[in-house]
Amino acid sequence: MNVTVEAVGELVLIGLAGVLDISAENVLLQAYRAGADFRPKIIRLDFADVTFINSMGLALIVELLMQARHDAISLQASGLSDHARELFDITRLSDYVTLHERSVTNLNERDSF
């Protein structure tokens with residue numbers, strides 16, 4: 001998994017690319033910590049370039065959600081494929097992570113947050 005972290009004000013966008021499974025754990029947690037260091041109100045995970053998510057990948061999202069709640073940060077997601085959105089709905093992650101239809105390629109589009 002490859003990630004990018006971009007911050008503007010109280011918002012951090014973490015772009016995800018590749019496979020979201022247990023092998024992504026270290027890079028995903030490091031990206032979250034790098035984003036949280038900006039002390040944002042919102043961290044949005046952009047799934048537009050994620051090619052596959054398995055149960056361990058979902059467990060990593062749950063871990064990020066728990067950490068975000070501890071840090072008083074709202075966790076959001078965008079760019080989910082239909083399959084990924086279905087996984088978020090089935091697991092009820094969508095009850096706790098705000099989902100956005102549109103993927104954001106850069107934070108110059110931040111008014112869509």
# chains A, B, ... in the order shown; residues from 1 in each chain; ligands from 1
call {"tool": "select_by_dssp", "arguments": {"residues": "stretch 1-62 of chain A", "states": "strand (DSSP E or B)", "output": "ChimeraX atom specification"}}
result
/A:2-8,11-20,42-53
call {"tool": "residues_around", "arguments": {"residues": "stretch 12-14 of chain A", "least_positions_apart": "5", "cutoff": "8 Å", "atoms": "only C-alpha atoms", "output": "list in words"}}
result
Val3, Thr4, Val5, Glu6, Ala7, Ala31, Tyr32, Gly35, Phe38, Pro40, Ile42, Ile43, Arg44, Leu45, Asp46, Asn106 and Leu107 of chain A
call {"tool": "closest_residue", "arguments": {"among": "A:Ile90, A:Val97, A:Gly57, A:Asp82", "to": "A:Arg69", "atoms": "only C-alpha atoms"}}
result
A:Val97
call {"tool": "closest_residue", "arguments": {"among": "A:Leu75, A:Val8, A:Val50, A:Leu60", "to": "A:Val27", "atoms": "only C-alpha atoms"}}
result
A:Leu60
call {"tool": "closest_residue", "arguments": {"among": "A:Ala36, A:Leu99, A:Ala72, A:Ala24", "to": "A:Ala59", "atoms": "only C-alpha atoms"}}
result
A:Ala24
call {"tool": "closest_residue", "arguments": {"among": "A:His83, A:Met1, A:Ser74, A:Val62", "to": "A:Val19", "atoms": "only C-alpha atoms"}}
result
A:Met1
call {"tool": "select_by_dssp", "arguments": {"residues": "chain A", "states": "alpha helix (DSSP H)", "output": "ChimeraX atom specification"}}
result
/A:25-36,55-70,82-90
call {"tool": "write_last_selection", "arguments": {"atoms": "C-alpha atoms", "output": "short mmCIF file (atom, residue, chain, number, x, y, z; two decimals), in the first residue's frame"}}
result
data_model
loop_
_atom_site.label_atom_id
_atom_site.label_comp_id
_atom_site.auth_asym_id
_atom_site.auth_seq_id
_atom_site.Cartn_x
_atom_site.Cartn_y
_atom_site.Cartn_z
CA GLU A 25 -0.75 -2.04 8.83
CA ASN A 26 2.54 -0.21 9.44
CA VAL A 27 2.22 2.25 6.60
CA LEU A 28 -1.43 3.02 7.41
CA LEU A 29 -0.78 3.57 11.11
CA GLN A 30 2.26 5.74 10.33
CA ALA A 31 0.16 7.82 7.91
CA TYR A 32 -2.54 8.25 10.55
CA ARG A 33 0.02 9.35 13.14
CA ALA A 34 1.60 11.79 10.67
CA GLY A 35 -1.84 13.23 9.94
CA ALA A 36 -2.84 13.37 13.60
CA SER A 55 -11.27 -8.39 6.57
CA MET A 56 -7.88 -7.45 8.00
CA GLY A 57 -8.01 -4.20 6.04
CA LEU A 58 -11.40 -3.49 7.59
CA ALA A 59 -9.94 -4.29 11.01
CA LEU A 60 -7.25 -1.67 10.35
CA ILE A 61 -9.95 0.91 9.60
CA VAL A 62 -11.62 -0.01 12.91
CA GLU A 63 -8.27 0.50 14.64
CA LEU A 64 -7.93 3.93 13.02
CA LEU A 65 -11.49 4.78 14.03
CA MET A 66 -10.77 3.90 17.67
CA GLN A 67 -7.58 5.98 17.61
CA ALA A 68 -9.37 8.90 15.95
CA ARG A 69 -12.10 8.83 18.61
CA HIS A 70 -9.41 8.83 21.30
CA ASP A 82 -19.43 0.01 -4.69
CA HIS A 83 -17.93 -3.15 -3.18
CA ALA A 84 -16.03 -1.22 -0.50
CA ARG A 85 -19.14 0.81 0.34
CA GLU A 86 -21.06 -2.44 0.73
CA LEU A 87 -18.37 -3.72 3.11
CA PHE A 88 -18.64 -0.51 5.15
CA ASP A 89 -22.42 -0.96 5.30
CA ILE A 90 -22.36 -4.68 6.18
#
call {"tool": "residues_around", "arguments": {"residues": "A:Ser78", "least_positions_apart": "2", "cutoff": "9 Å", "atoms": "only C-alpha atoms", "output": "list in words"}}
result
Arg44, Leu45, Asp46, Phe47, Ala48, Gln76, Leu80, Thr98, Leu99, His100, Glu101, Arg102, Ser103 and Val104 of chain A
call {"tool": "write_last_selection", "arguments": {"atoms": "C-alpha atoms", "output": "PDB file, in the first residue's frame"}}
result
ATOM      1  CA  ARG A  44     -10.399  11.835   5.478  1.00  0.00           C
ATOM      2  CA  LEU A  45      -9.213   8.549   3.974  1.00  0.00           C
ATOM      3  CA  ASP A  46      -9.425   8.582   0.173  1.00  0.00           C
ATOM      4  CA  PHE A  47     -10.023   5.059  -1.161  1.00  0.00           C
ATOM      5  CA  ALA A  48     -10.169   6.003  -4.860  1.00  0.00           C
ATOM      6  CA  GLN A  76     -14.199  10.256   7.086  1.00  0.00           C
ATOM      7  CA  LEU A  80     -15.133   4.057  -2.066  1.00  0.00           C
ATOM      8  CA  THR A  98     -18.738   9.672   7.473  1.00  0.00           C
ATOM      9  CA  LEU A  99     -18.776   8.570   3.824  1.00  0.00           C
ATOM     10  CA  HIS A 100     -18.442  10.960   0.889  1.00  0.00           C
ATOM     11  CA  GLU A 101     -19.182  10.034  -2.708  1.00  0.00           C
ATOM     12  CA  ARG A 102     -16.580  12.210  -4.310  1.00  0.00           C
ATOM     13  CA  SER A 103     -12.876  11.575  -4.115  1.00  0.00           C
ATOM     14  CA  VAL A 104     -10.724  14.636  -3.477  1.00  0.00           C
TER      15      VAL A 104
END
call {"tool": "atom_distance", "arguments": {"atom1": "atom CA of A:Glu10", "atom2": "atom CA of A:Ile73"}}
result
9.7 Å
call {"tool": "atom_distance", "arguments": {"atom1": "atom CA of A:Phe52", "atom2": "atom CA of A:Tyr96"}}
result
21.1 Å
